[in-house]
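Asker: Structure: structure.cif, mmCIF, C-alpha atoms and all ligand atoms.
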data_model
#
loop_
_atom_site.group_PDB
_atom_site.id
_atom_site.type_symbol
_atom_site.label_atom_id
_atom_site.label_comp_id
_atom_site.auth_asym_id
_atom_site.auth_seq_id
_atom_site.Cartn_x
_atom_site.Cartn_y
_atom_site.Cartn_z
ATOM 1 C CA MET A 122 4.385 -25.602 1.465
ATOM 2 C CA ARG A 123 2.103 -26.762 4.248
ATOM 3 C CA THR A 124 2.459 -25.609 7.827
ATOM 4 C CA ILE A 125 1.556 -28.376 10.250
ATOM 5 C CA ARG A 126 1.195 -28.245 14.025
ATOM 6 C CA THR A 127 0.190 -31.744 15.088
ATOM 7 C CA VAL A 128 1.874 -35.128 14.928
ATOM 8 C CA HIS A 129 -1.338 -36.658 13.615
ATOM 9 C CA GLU A 130 -1.478 -34.308 10.635
ATOM 10 C CA LEU A 131 2.246 -34.706 9.961
ATOM 11 C CA ARG A 132 1.838 -38.485 9.756
ATOM 12 C CA GLU A 133 -1.246 -38.092 7.543
ATOM 13 C CA VAL A 134 0.576 -35.812 5.109
ATOM 14 C CA LEU A 135 3.698 -38.005 4.953
ATOM 15 C CA ALA A 136 1.886 -41.366 4.823
ATOM 16 C CA PRO A 137 1.493 -41.532 1.026
ATOM 17 C CA ALA A 138 5.216 -40.828 0.427
ATOM 18 C CA ARG A 139 6.628 -44.167 1.536
ATOM 19 C CA PRO A 140 4.434 -46.533 -0.524
ATOM 20 C CA ALA A 141 5.006 -44.257 -3.510
ATOM 21 C CA GLY A 142 8.768 -44.746 -3.076
ATOM 22 C CA ARG A 143 9.271 -41.077 -2.280
ATOM 23 C CA SER A 144 12.123 -40.363 0.134
ATOM 24 C CA ILE A 145 11.635 -38.034 3.095
ATOM 25 C CA GLY A 146 14.285 -35.622 4.380
ATOM 26 C CA LEU A 147 13.961 -33.983 7.795
ATOM 27 C CA VAL A 148 15.815 -30.848 8.883
ATOM 28 C CA PRO A 149 15.308 -30.281 12.619
ATOM 29 C CA THR A 150 15.827 -26.676 13.723
ATOM 30 C CA MET A 151 14.912 -24.273 16.476
ATOM 31 C CA GLY A 152 13.900 -21.721 13.842
ATOM 32 C CA PHE A 153 15.101 -18.156 13.219
ATOM 33 C CA LEU A 154 16.611 -19.568 10.067
ATOM 34 C CA HIS A 155 19.947 -18.386 8.706
ATOM 35 C CA ASP A 156 22.155 -19.527 5.834
ATOM 36 C CA GLY A 157 23.477 -22.463 7.915
ATOM 37 C CA HIS A 158 19.942 -23.836 8.142
ATOM 38 C CA ILE A 159 19.332 -22.971 4.477
ATOM 39 C CA ALA A 160 22.353 -25.076 3.469
ATOM 40 C CA LEU A 161 20.739 -28.043 5.241
ATOM 41 C CA LEU A 162 17.424 -27.385 3.463
ATOM 42 C CA ARG A 163 19.187 -27.227 0.092
ATOM 43 C CA ARG A 164 21.029 -30.490 0.744
ATOM 44 C CA ALA A 165 17.726 -32.097 1.715
ATOM 45 C CA ARG A 166 16.001 -30.659 -1.373
ATOM 46 C CA GLU A 167 18.762 -32.100 -3.604
ATOM 47 C CA GLN A 168 18.613 -35.543 -2.045
ATOM 48 C CA CYS A 169 15.000 -36.177 -1.052
ATOM 49 C CA ASP A 170 11.570 -36.123 -2.679
ATOM 50 C CA VAL A 171 9.764 -34.661 0.339
ATOM 51 C CA VAL A 172 11.487 -32.100 2.559
ATOM 52 C CA VAL A 173 10.266 -31.412 6.085
ATOM 53 C CA VAL A 174 11.730 -28.668 8.250
ATOM 54 C CA SER A 175 10.804 -28.590 11.909
ATOM 55 C CA LEU A 176 10.795 -25.386 13.922
ATOM 56 C CA PHE A 177 10.725 -26.109 17.615
ATOM 57 C CA VAL A 178 12.484 -24.247 20.398
ATOM 58 C CA ASN A 179 12.884 -27.295 22.594
ATOM 59 C CA PRO A 180 12.476 -26.354 26.265
ATOM 60 C CA ALA A 181 14.039 -29.666 27.352
ATOM 61 C CA GLN A 182 17.475 -28.719 26.055
ATOM 62 C CA PHE A 183 17.632 -25.386 27.883
ATOM 63 C CA GLY A 184 18.916 -25.328 31.435
ATOM 64 C CA PRO A 185 17.650 -23.034 34.191
ATOM 65 C CA GLY A 186 19.015 -19.551 33.557
ATOM 66 C CA GLU A 187 19.594 -20.227 29.853
ATOM 67 C CA ASP A 188 17.936 -18.201 27.092
ATOM 68 C CA LEU A 189 14.720 -20.185 26.440
ATOM 69 C CA GLU A 190 12.426 -17.156 26.691
ATOM 70 C CA ALA A 191 14.787 -14.810 24.888
ATOM 71 C CA TYR A 192 15.604 -17.255 22.064
ATOM 72 C CA PRO A 193 14.804 -15.428 18.811
ATOM 73 C CA ARG A 194 11.646 -16.526 17.008
ATOM 74 C CA ASP A 195 10.055 -15.379 13.716
ATOM 75 C CA GLU A 196 7.883 -18.078 12.219
ATOM 76 C CA ALA A 197 6.516 -15.914 9.379
ATOM 77 C CA ARG A 198 10.022 -15.109 8.182
ATOM 78 C CA ASP A 199 11.121 -18.739 8.567
ATOM 79 C CA ALA A 200 8.091 -19.882 6.558
ATOM 80 C CA ALA A 201 8.921 -17.492 3.712
ATOM 81 C CA LEU A 202 12.565 -18.649 3.651
ATOM 82 C CA ALA A 203 11.606 -22.329 3.751
ATOM 83 C CA GLU A 204 9.026 -21.886 1.007
ATOM 84 C CA ALA A 205 11.614 -20.149 -1.185
ATOM 85 C CA GLU A 206 13.859 -23.222 -0.784
ATOM 86 C CA GLY A 207 11.105 -25.525 -1.985
ATOM 87 C CA VAL A 208 10.388 -27.084 1.403
ATOM 88 C CA ASP A 209 7.210 -29.177 1.340
ATOM 89 C CA VAL A 210 6.261 -29.242 5.008
ATOM 90 C CA LEU A 211 6.997 -26.835 7.827
ATOM 91 C CA PHE A 212 6.317 -28.620 11.110
ATOM 92 C CA ALA A 213 5.942 -26.111 13.940
ATOM 93 C CA PRO A 214 4.262 -27.843 16.868
ATOM 94 C CA PRO A 215 3.380 -26.051 20.089
ATOM 95 C CA ALA A 216 5.283 -27.268 23.168
ATOM 96 C CA GLU A 217 2.201 -29.186 24.466
ATOM 97 C CA GLU A 218 2.091 -31.231 21.262
ATOM 98 C CA VAL A 219 5.647 -32.443 21.850
ATOM 99 C CA TYR A 220 5.431 -32.633 25.647
ATOM 100 C CA PRO A 221 1.775 -33.223 26.577
ATOM 101 C CA PRO A 222 0.737 -33.274 30.228
ATOM 102 C CA GLY A 223 2.128 -36.401 31.865
ATOM 103 C CA PHE A 224 5.043 -36.738 29.453
ATOM 104 C CA GLY A 225 7.676 -38.751 31.312
ATOM 105 C CA THR A 226 10.252 -40.355 29.023
ATOM 106 C CA SER A 227 13.784 -39.276 28.323
ATOM 107 C CA VAL A 228 16.272 -40.711 25.855
ATOM 108 C CA THR A 229 19.875 -40.394 26.996
ATOM 109 C CA VAL A 230 23.073 -41.271 25.189
ATOM 110 C CA ALA A 231 25.588 -42.297 27.835
ATOM 111 C CA ALA A 232 28.701 -41.883 25.734
ATOM 112 C CA LEU A 233 29.946 -38.518 24.463
ATOM 113 C CA THR A 234 27.572 -36.372 26.529
ATOM 114 C CA GLU A 235 29.589 -35.633 29.672
ATOM 115 C CA VAL A 236 32.378 -33.575 28.106
ATOM 116 C CA LEU A 237 32.609 -30.247 26.248
ATOM 117 C CA ASP A 238 29.053 -28.793 26.229
ATOM 118 C CA GLY A 239 27.859 -31.699 28.397
ATOM 119 C CA ALA A 240 30.366 -31.121 31.208
ATOM 120 C CA PRO A 241 28.655 -30.323 34.510
ATOM 121 C CA GLU A 242 30.131 -26.818 34.574
ATOM 122 C CA GLN A 243 28.924 -26.212 30.996
ATOM 123 C CA ARG A 244 25.368 -27.033 29.843
ATOM 124 C CA GLY A 245 25.496 -30.465 31.504
ATOM 125 C CA SER A 246 24.545 -33.850 30.060
ATOM 126 C CA GLU A 247 20.857 -32.904 30.643
ATOM 127 C CA HIS A 248 21.244 -30.585 27.659
ATOM 128 C CA PHE A 249 22.038 -33.560 25.440
ATOM 129 C CA ALA A 250 19.249 -35.610 27.040
ATOM 130 C CA GLY A 251 16.898 -32.822 25.920
ATOM 131 C CA VAL A 252 18.366 -32.941 22.425
ATOM 132 C CA THR A 253 18.315 -36.728 22.063
ATOM 133 C CA THR A 254 14.773 -36.968 23.437
ATOM 134 C CA VAL A 255 13.386 -34.415 20.996
ATOM 135 C CA VAL A 256 15.385 -35.780 18.055
ATOM 136 C CA THR A 257 14.125 -39.303 18.806
ATOM 137 C CA LYS A 258 10.586 -37.925 18.872
ATOM 138 C CA LEU A 259 11.005 -35.968 15.633
ATOM 139 C CA LEU A 260 12.468 -39.035 13.897
ATOM 140 C CA SER A 261 9.584 -41.101 15.192
ATOM 141 C CA MET A 262 7.021 -38.500 14.098
ATOM 142 C CA ALA A 263 8.324 -37.944 10.571
ATOM 143 C CA GLY A 264 10.017 -41.275 9.828
ATOM 144 C CA PRO A 265 12.545 -39.649 7.496
ATOM 145 C CA ASP A 266 14.991 -41.529 5.288
ATOM 146 C CA VAL A 267 17.610 -38.865 5.930
ATOM 147 C CA ALA A 268 17.967 -36.283 8.712
ATOM 148 C CA TYR A 269 20.265 -33.294 8.316
ATOM 149 C CA PHE A 270 22.465 -31.713 10.987
ATOM 150 C CA GLY A 271 25.284 -29.149 11.008
ATOM 151 C CA GLN A 272 28.942 -29.659 11.830
ATOM 152 C CA LYS A 273 28.673 -26.338 13.713
ATOM 153 C CA ASP A 274 27.285 -28.487 16.555
ATOM 154 C CA ALA A 275 29.952 -31.172 16.177
ATOM 155 C CA GLN A 276 29.311 -32.875 19.505
ATOM 156 C CA GLN A 277 25.555 -32.922 18.876
ATOM 157 C CA ALA A 278 26.143 -34.563 15.482
ATOM 158 C CA LEU A 279 28.294 -37.285 17.075
ATOM 159 C CA VAL A 280 25.711 -37.869 19.794
ATOM 160 C CA ILE A 281 22.907 -38.164 17.235
ATOM 161 C CA ARG A 282 24.890 -40.611 15.101
ATOM 162 C CA LYS A 283 25.400 -42.692 18.247
ATOM 163 C CA LEU A 284 21.710 -42.419 19.165
ATOM 164 C CA VAL A 285 20.457 -43.763 15.845
ATOM 165 C CA ARG A 286 23.104 -46.505 15.769
ATOM 166 C CA ASP A 287 22.414 -47.658 19.330
ATOM 167 C CA LEU A 288 18.615 -47.579 18.937
ATOM 168 C CA ASP A 289 18.603 -48.988 15.370
ATOM 169 C CA ILE A 290 16.615 -46.010 14.144
ATOM 170 C CA PRO A 291 16.353 -46.488 10.371
ATOM 171 C CA VAL A 292 17.564 -43.100 9.199
ATOM 172 C CA ARG A 293 20.711 -41.840 7.539
ATOM 173 C CA ILE A 294 22.315 -38.919 9.362
ATOM 174 C CA GLU A 295 23.894 -36.373 7.070
ATOM 175 C CA VAL A 296 26.184 -33.770 8.612
ATOM 176 C CA CYS A 297 26.776 -30.588 6.584
ATOM 177 C CA PRO A 298 29.724 -28.181 6.880
ATOM 178 C CA THR A 299 29.562 -25.068 9.052
ATOM 179 C CA VAL A 300 28.357 -22.005 7.164
ATOM 180 C CA ARG A 301 30.139 -18.760 8.077
ATOM 181 C CA ASP A 302 29.818 -15.076 7.354
ATOM 182 C CA PRO A 303 32.551 -13.866 4.964
ATOM 183 C CA ASP A 304 34.649 -12.675 7.932
ATOM 184 C CA GLY A 305 34.564 -16.142 9.500
ATOM 185 C CA LEU A 306 31.871 -15.857 12.166
ATOM 186 C CA ALA A 307 29.908 -19.108 12.284
ATOM 187 C CA LEU A 308 26.232 -18.411 11.650
ATOM 188 C CA SER A 309 24.019 -18.938 14.675
ATOM 189 C CA SER A 310 20.545 -17.778 15.623
ATOM 190 C CA ARG A 311 22.200 -16.496 18.818
ATOM 191 C CA ASN A 312 24.317 -14.043 16.794
ATOM 192 C CA ALA A 313 21.147 -11.907 16.900
ATOM 193 C CA TYR A 314 22.063 -11.110 20.517
ATOM 194 C CA LEU A 315 25.381 -9.481 19.527
ATOM 195 C CA SER A 316 25.875 -5.711 19.382
ATOM 196 C CA PRO A 317 28.255 -4.566 16.599
ATOM 197 C CA ALA A 318 31.124 -4.352 19.123
ATOM 198 C CA GLU A 319 30.334 -7.809 20.496
ATOM 199 C CA ARG A 320 30.172 -9.201 16.982
ATOM 200 C CA ASP A 321 33.741 -7.945 16.413
ATOM 201 C CA ARG A 322 34.854 -9.678 19.612
ATOM 202 C CA ALA A 323 33.036 -12.855 18.591
ATOM 203 C CA LEU A 324 35.337 -13.100 15.569
ATOM 204 C CA GLY A 325 37.944 -14.257 18.081
ATOM 205 C CA LEU A 326 36.410 -17.741 18.049
ATOM 206 C CA SER A 327 36.847 -18.433 14.346
ATOM 207 C CA ARG A 328 40.221 -16.648 14.328
ATOM 208 C CA ALA A 329 41.377 -18.913 17.136
ATOM 209 C CA LEU A 330 40.417 -21.937 15.060
ATOM 210 C CA ARG A 331 42.223 -20.548 11.998
ATOM 211 C CA ALA A 332 45.352 -19.881 14.130
ATOM 212 C CA ALA A 333 45.269 -23.478 15.314
ATOM 213 C CA GLU A 334 44.939 -24.679 11.721
ATOM 214 C CA ALA A 335 47.991 -22.578 10.804
ATOM 215 C CA GLU A 336 50.004 -24.231 13.589
ATOM 216 C CA VAL A 337 49.063 -27.633 12.275
ATOM 217 C CA ALA A 338 49.855 -26.609 8.694
ATOM 218 C CA ALA A 339 53.307 -25.574 9.946
ATOM 219 C CA GLY A 340 53.796 -29.049 11.370
ATOM 220 C CA ARG A 341 53.296 -28.203 15.029
ATOM 221 C CA LEU A 342 50.946 -30.912 16.200
ATOM 222 C CA ASP A 343 51.298 -31.008 19.986
ATOM 223 C CA ALA A 344 48.216 -29.929 21.913
ATOM 224 C CA ALA A 345 50.039 -27.313 23.995
ATOM 225 C CA GLY A 346 51.251 -25.408 20.909
ATOM 226 C CA VAL A 347 47.971 -25.668 19.038
ATOM 227 C CA LEU A 348 45.946 -24.548 22.040
ATOM 228 C CA SER A 349 48.252 -21.657 22.854
ATOM 229 C CA ALA A 350 48.028 -20.345 19.275
ATOM 230 C CA ALA A 351 44.246 -20.471 19.541
ATOM 231 C CA ARG A 352 44.235 -18.920 22.988
ATOM 232 C CA ALA A 353 46.373 -15.998 21.810
ATOM 233 C CA GLN A 354 43.610 -15.054 19.348
ATOM 234 C CA LEU A 355 40.947 -15.378 22.016
ATOM 235 C CA ASP A 356 43.014 -13.169 24.327
ATOM 236 C CA ALA A 357 43.502 -10.619 21.559
ATOM 237 C CA HIS A 358 39.709 -10.364 21.261
ATOM 238 C CA GLY A 359 39.155 -10.178 25.014
ATOM 239 C CA ILE A 360 37.530 -13.608 25.124
ATOM 240 C CA ASP A 361 37.901 -15.920 28.091
ATOM 241 C CA PRO A 362 36.517 -19.219 26.737
ATOM 242 C CA GLU A 363 34.253 -21.533 28.706
ATOM 243 C CA TYR A 364 36.285 -24.288 27.112
ATOM 244 C CA LEU A 365 38.909 -24.678 24.418
ATOM 245 C CA GLU A 366 39.737 -28.341 23.965
ATOM 246 C CA LEU A 367 41.381 -30.744 21.605
ATOM 247 C CA ARG A 368 39.652 -34.117 21.431
ATOM 248 C CA SER A 369 39.395 -37.126 19.178
ATOM 249 C CA ALA A 370 36.834 -36.312 16.488
ATOM 250 C CA ALA A 371 35.651 -39.932 16.666
ATOM 251 C CA ASP A 372 34.939 -40.421 20.366
ATOM 252 C CA LEU A 373 35.781 -37.103 22.059
ATOM 253 C CA SER A 374 38.546 -38.655 24.146
ATOM 254 C CA PRO A 375 41.199 -36.080 25.113
ATOM 255 C CA ALA A 376 43.925 -35.616 22.506
ATOM 256 C CA ASP A 377 47.442 -34.548 23.390
ATOM 257 C CA ARG A 378 48.361 -34.307 19.722
ATOM 258 C CA VAL A 379 46.686 -33.611 16.399
ATOM 259 C CA ASN A 380 46.496 -36.907 14.609
ATOM 260 C CA GLY A 381 44.422 -36.379 11.504
ATOM 261 C CA SER A 382 40.959 -36.472 12.968
ATOM 262 C CA THR A 383 41.119 -34.177 15.925
ATOM 263 C CA LEU A 384 38.365 -31.818 16.995
ATOM 264 C CA LEU A 385 39.255 -28.401 18.325
ATOM 265 C CA ALA A 386 36.132 -27.082 20.019
ATOM 266 C CA VAL A 387 35.543 -23.740 21.677
ATOM 267 C CA ALA A 388 32.691 -22.191 23.626
ATOM 268 C CA ALA A 389 32.607 -18.633 24.897
ATOM 269 C CA ARG A 390 30.206 -16.097 26.197
ATOM 270 C CA VAL A 391 30.201 -12.833 24.276
ATOM 271 C CA GLY A 392 27.760 -10.398 25.798
ATOM 272 C CA ARG A 393 24.478 -12.258 26.225
ATOM 273 C CA ALA A 394 25.363 -14.911 23.638
ATOM 274 C CA ARG A 395 26.971 -18.236 24.418
ATOM 275 C CA LEU A 396 28.698 -19.132 21.168
ATOM 276 C CA ILE A 397 30.337 -22.377 20.062
ATOM 277 C CA ASP A 398 32.563 -23.191 17.116
ATOM 278 C CA ASN A 399 34.918 -25.966 16.075
ATOM 279 C CA THR A 400 37.234 -27.283 13.409
ATOM 280 C CA ILE A 401 38.621 -30.678 12.536
ATOM 281 C CA LEU A 402 42.389 -30.463 12.432
ATOM 282 C CA GLY A 403 44.284 -32.602 9.955
ATOM 283 C CA GLY A 404 47.896 -33.669 9.939
ATOM 284 C CA THR A 405 49.893 -36.833 10.374
ATOM 285 C CA THR A 406 50.877 -38.627 13.538
HETATM 286 P P1 LIG B 501 19.565 -24.837 15.618
HETATM 287 O O1 LIG B 501 18.361 -24.190 15.021
HETATM 288 O O2 LIG B 501 20.611 -23.876 16.068
HETATM 289 O O3 LIG B 501 19.213 -25.893 16.633
HETATM 290 O O4 LIG B 501 20.252 -25.625 14.432
HETATM 291 C C1 LIG B 501 19.549 -26.539 13.644
HETATM 292 C C2 LIG B 501 20.535 -27.301 12.796
HETATM 293 O O5 LIG B 501 21.267 -26.390 11.979
HETATM 294 C C3 LIG B 501 21.558 -28.067 13.647
HETATM 295 O O6 LIG B 501 21.808 -29.330 13.049
HETATM 296 C C4 LIG B 501 22.768 -27.176 13.568
HETATM 297 O O7 LIG B 501 23.990 -27.881 13.706
HETATM 298 C C5 LIG B 501 22.640 -26.604 12.174
HETATM 299 N N1 LIG B 501 23.377 -25.349 12.082
HETATM 300 C C6 LIG B 501 23.288 -24.293 12.933
HETATM 301 N N2 LIG B 501 24.173 -23.329 12.559
HETATM 302 C C7 LIG B 501 24.827 -23.797 11.471
HETATM 303 C C8 LIG B 501 25.857 -23.285 10.626
HETATM 304 N N3 LIG B 501 26.394 -22.092 10.837
HETATM 305 N N4 LIG B 501 26.288 -24.057 9.604
HETATM 306 C C9 LIG B 501 25.756 -25.286 9.385
HETATM 307 N N5 LIG B 501 24.780 -25.822 10.141
HETATM 308 C C10 LIG B 501 24.324 -25.093 11.166
#
Please express the file's structure as structure tokens.
Answerer:
Amino acid sequence: MRTIRTVHELREVLAPARPAGRSIGLVPTMGFLHDGHIALLRRAREQCDVVVVSLFVNPAQFGPGEDLEAYPRDEARDAALAEAEGVDVLFAPPAEEVYPPGFGTSVTVAALTEVLDGAPEQRGSEHFAGVTTVVTKLLSMAGPDVAYFGQKDAQQALVIRKLVRDLDIPVRIEVCPTVRDPDGLALSSRNAYLSPAERDRALGLSRALRAAEAEVAAGRLDAAGVLSAARAQLDAHGIDPEYLELRSAADLSPADRVNGSTLLAVAARVGRARLIDNTILGGTT
């Protein structure tokens, strides 16, 4: 595995792949790899000839007062994990390589970015502008055939699908299922912030989603019932969510009923960590 820090070197290393008919898979991450990231690396390794993982804690997607400085980092550990998964290239550019002095372009997706995490009282649509700008740059730098994202960030995955469709970026976006600890907690680099007691409370998020799934399985499809079942679990864990919403899984429009492709998304602060989780609820109309 090669560790690369500049766009120039990344292009140089990947240049021979395309004429040789070798496919390139890109897994963008902010590092501090866990089994959710590893699942993306494995999918990429199965499907592509050359696997690139990027490690970049992207300042542009952090708002003022968010955890940019505190965000956990351990490149040596990430490199060992990536190498063990057969990754070919670890791309870990410094911030100045991605945002050199004078950088002044932003890529924004107008649809999908003003609700849930993009709502003004949440992270705001600027968060997604930071994400879509850096993802556009990473796609442009690596020119992958396939880029891998996690369903854990369901809204981000939708926004990125829209980005590549709207800008005709020639890449296939593959979204992989959320990886969880055996007790249900969705893996996140931010789980590192949780004390043991906070980790127990954080289980309220996934339990709320499971309670909502049970409602739907029992045939109760109206939003009020589904949301109150979820909220009861949050309450039981002492969690006051930043949002708990049922929306169309296709376009994030509000849903007053589960209709087979309905996203239940939750965000909550537990101690220092802002955690998100979601599930797609099935059922018939
Ligand atoms: P991050 O490093 O948190 O920006 O995540 C990098 C990629 O890994 C994103 O596409 C995430 O959606 C994905 N990811 C993060 N956590 C998980 C998880 N628990 N299961 C599956 N994918 C995940």
Asker: Give the answer as one residue: which of A:Gly359, A:Gly157, A:Pro140, A:Pro185 has the shortest atom-to-atom distance to Ser310 in chain A, using only C-alpha atoms?
Answerer: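 Using only C-alpha atoms, Ser310 in chain A sits closest to A:Gly157.
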Asker: Got a sec to resolve the PyMOL selection byres (((chain A and resi 277-287) around 10) and not hetatm) on this structure and send the residues as a CSV table (one decimal) with C-alpha atoms, in the coordinates of the input?
Answerer:
chain,number,residue,atom,x,y,z
A,228,VAL,CA,16.3,-40.7,25.9
A,229,THR,CA,19.9,-40.4,27.0
A,230,VAL,CA,23.1,-41.3,25.2
A,231,ALA,CA,25.6,-42.3,27.8
A,232,ALA,CA,28.7,-41.9,25.7
A,233,LEU,CA,29.9,-38.5,24.5
A,234,THR,CA,27.6,-36.4,26.5
A,238,ASP,CA,29.1,-28.8,26.2
A,239,GLY,CA,27.9,-31.7,28.4
A,249,PHE,CA,22.0,-33.6,25.4
A,250,ALA,CA,19.2,-35.6,27.0
A,252,VAL,CA,18.4,-32.9,22.4
A,253,THR,CA,18.3,-36.7,22.1
A,254,THR,CA,14.8,-37.0,23.4
A,256,VAL,CA,15.4,-35.8,18.1
A,257,THR,CA,14.1,-39.3,18.8
A,260,LEU,CA,12.5,-39.0,13.9
A,269,TYR,CA,20.3,-33.3,8.3
A,270,PHE,CA,22.5,-31.7,11.0
A,271,GLY,CA,25.3,-29.1,11.0
A,272,GLN,CA,28.9,-29.7,11.8
A,273,LYS,CA,28.7,-26.3,13.7
A,274,ASP,CA,27.3,-28.5,16.6
A,275,ALA,CA,30.0,-31.2,16.2
A,276,GLN,CA,29.3,-32.9,19.5
A,288,LEU,CA,18.6,-47.6,18.9
A,289,ASP,CA,18.6,-49.0,15.4
A,290,ILE,CA,16.6,-46.0,14.1
A,291,PRO,CA,16.4,-46.5,10.4
A,292,VAL,CA,17.6,-43.1,9.2
A,293,ARG,CA,20.7,-41.8,7.5
A,294,ILE,CA,22.3,-38.9,9.4
A,295,GLU,CA,23.9,-36.4,7.1
A,296,VAL,CA,26.2,-33.8,8.6
A,297,CYS,CA,26.8,-30.6,6.6
A,370,ALA,CA,36.8,-36.3,16.5
A,371,ALA,CA,35.7,-39.9,16.7
A,372,ASP,CA,34.9,-40.4,20.4
A,373,LEU,CA,35.8,-37.1,22.1
Asker: Using CA of Ser316 in chain A and CA of Glu363 in chain A as the two end points, give the distance in Å to one decimal.
Answerer: 20.2 Å
Asker: List the neighbours of Gly146 in chain A out to 12 Å using all atoms listed in the file; skip same-chain residues closer than 5 positions along the sequence, and give me the result as JSON, numbers by chain.
Answerer: {"A": [135, 138, 139, 161, 162, 163, 164, 165, 166, 167, 168, 169, 170, 171, 172, 173, 174, 175, 208, 209, 210, 211, 259, 260, 263, 264, 265, 266, 267, 268, 269, 270, 292, 293, 294, 295]}
Asker: Any chance you could export the current selection's C-alpha atoms as a PDB file, in the frame of the given file?
Answerer:
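See part-v5.pdb below for the written result:
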ATOM      1  CA  LEU A 135       3.698 -38.005   4.953  1.00  0.00           C
ATOM      2  CA  ALA A 138       5.216 -40.828   0.427  1.00  0.00           C
ATOM      3  CA  ARG A 139       6.628 -44.167   1.536  1.00  0.00           C
ATOM      4  CA  LEU A 161      20.739 -28.043   5.241  1.00  0.00           C
ATOM      5  CA  LEU A 162      17.424 -27.385   3.463  1.00  0.00           C
ATOM      6  CA  ARG A 163      19.187 -27.227   0.092  1.00  0.00           C
ATOM      7  CA  ARG A 164      21.029 -30.490   0.744  1.00  0.00           C
ATOM      8  CA  ALA A 165      17.726 -32.097   1.715  1.00  0.00           C
ATOM      9  CA  ARG A 166      16.001 -30.659  -1.373  1.00  0.00           C
ATOM     10  CA  GLU A 167      18.762 -32.100  -3.604  1.00  0.00           C
ATOM     11  CA  GLN A 168      18.613 -35.543  -2.045  1.00  0.00           C
ATOM     12  CA  CYS A 169      15.000 -36.177  -1.052  1.00  0.00           C
ATOM     13  CA  ASP A 170      11.570 -36.123  -2.679  1.00  0.00           C
ATOM     14  CA  VAL A 171       9.764 -34.661   0.339  1.00  0.00           C
ATOM     15  CA  VAL A 172      11.487 -32.100   2.559  1.00  0.00           C
ATOM     16  CA  VAL A 173      10.266 -31.412   6.085  1.00  0.00           C
ATOM     17  CA  VAL A 174      11.730 -28.668   8.250  1.00  0.00           C
ATOM     18  CA  SER A 175      10.804 -28.590  11.909  1.00  0.00           C
ATOM     19  CA  VAL A 208      10.388 -27.084   1.403  1.00  0.00           C
ATOM     20  CA  ASP A 209       7.210 -29.177   1.340  1.00  0.00           C
ATOM     21  CA  VAL A 210       6.261 -29.242   5.008  1.00  0.00           C
ATOM     22  CA  LEU A 211       6.997 -26.835   7.827  1.00  0.00           C
ATOM     23  CA  LEU A 259      11.005 -35.968  15.633  1.00  0.00           C
ATOM     24  CA  LEU A 260      12.468 -39.035  13.897  1.00  0.00           C
ATOM     25  CA  ALA A 263       8.324 -37.944  10.571  1.00  0.00           C
ATOM     26  CA  GLY A 264      10.017 -41.275   9.828  1.00  0.00           C
ATOM     27  CA  PRO A 265      12.545 -39.649   7.496  1.00  0.00           C
ATOM     28  CA  ASP A 266      14.991 -41.529   5.288  1.00  0.00           C
ATOM     29  CA  VAL A 267      17.610 -38.865   5.930  1.00  0.00           C
ATOM     30  CA  ALA A 268      17.967 -36.283   8.712  1.00  0.00           C
ATOM     31  CA  TYR A 269      20.265 -33.294   8.316  1.00  0.00           C
ATOM     32  CA  PHE A 270      22.465 -31.713  10.987  1.00  0.00           C
ATOM     33  CA  VAL A 292      17.564 -43.100   9.199  1.00  0.00           C
ATOM     34  CA  ARG A 293      20.711 -41.840   7.539  1.00  0.00           C
ATOM     35  CA  ILE A 294      22.315 -38.919   9.362  1.00  0.00           C
ATOM     36  CA  GLU A 295      23.894 -36.373   7.070  1.00  0.00           C
TER      37      GLU A 295
END
Asker: Hey, could you pull the box centre and edge lengths for ligand LIG 501 (chain B), axis-aligned, 3 Å padding per side, all listed atoms, to one decimal in Å, as JSON?
Answerer:
{"center_x": 22.4, "center_y": -25.7, "center_z": 13.0, "size_x": 14.0, "size_y": 13.2, "size_z": 13.2}
Asker: Compile the contact shell of Glu235 in chain A as an NGL selection string: residues with an atom at most 9 Å away, counting all atoms listed in the file, same-chain residues fewer than 6 positions apart removed.
Answerer: :A and (241 or 245-246 or 249)
Asker: Could you state the separation of CA of Leu189 in chain A and CA of Glu218 in chain A in Å, given to one decimal place?
Answerer: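 Pair CA of Leu189 in chain A / CA of Glu218 in chain A returns 17.6 Å.
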Asker: At a cut-off of 10 Å around the point (51.2, -29.8, 17.3) (file coordinates), what residues fall inside when counting all atoms listed in the file? I'd like the answer as a JSON list (two decimals) with C-alpha atoms, in the frame of the given file.
Answerer:
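The new file point.json reads:
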[["chain", "number", "residue", "atom", "x", "y", "z"],
["A", 333, "ALA", "CA", 45.27, -23.48, 15.31],
["A", 334, "GLU", "CA", 44.94, -24.68, 11.72],
["A", 336, "GLU", "CA", 50.00, -24.23, 13.59],
["A", 337, "VAL", "CA", 49.06, -27.63, 12.28],
["A", 338, "ALA", "CA", 49.86, -26.61, 8.69],
["A", 339, "ALA", "CA", 53.31, -25.57, 9.95],
["A", 340, "GLY", "CA", 53.80, -29.05, 11.37],
["A", 341, "ARG", "CA", 53.30, -28.20, 15.03],
["A", 342, "LEU", "CA", 50.95, -30.91, 16.20],
["A", 343, "ASP", "CA", 51.30, -31.01, 19.99],
["A", 344, "ALA", "CA", 48.22, -29.93, 21.91],
["A", 345, "ALA", "CA", 50.04, -27.31, 24.00],
["A", 346, "GLY", "CA", 51.25, -25.41, 20.91],
["A", 347, "VAL", "CA", 47.97, -25.67, 19.04],
["A", 348, "LEU", "CA", 45.95, -24.55, 22.04],
["A", 377, "ASP", "CA", 47.44, -34.55, 23.39],
["A", 378, "ARG", "CA", 48.36, -34.31, 19.72],
["A", 379, "VAL", "CA", 46.69, -33.61, 16.40],
["A", 380, "ASN", "CA", 46.50, -36.91, 14.61],
["A", 404, "GLY", "CA", 47.90, -33.67, 9.94],
["A", 405, "THR", "CA", 49.89, -36.83, 10.37],
["A", 406, "THR", "CA", 50.88, -38.63, 13.54]]
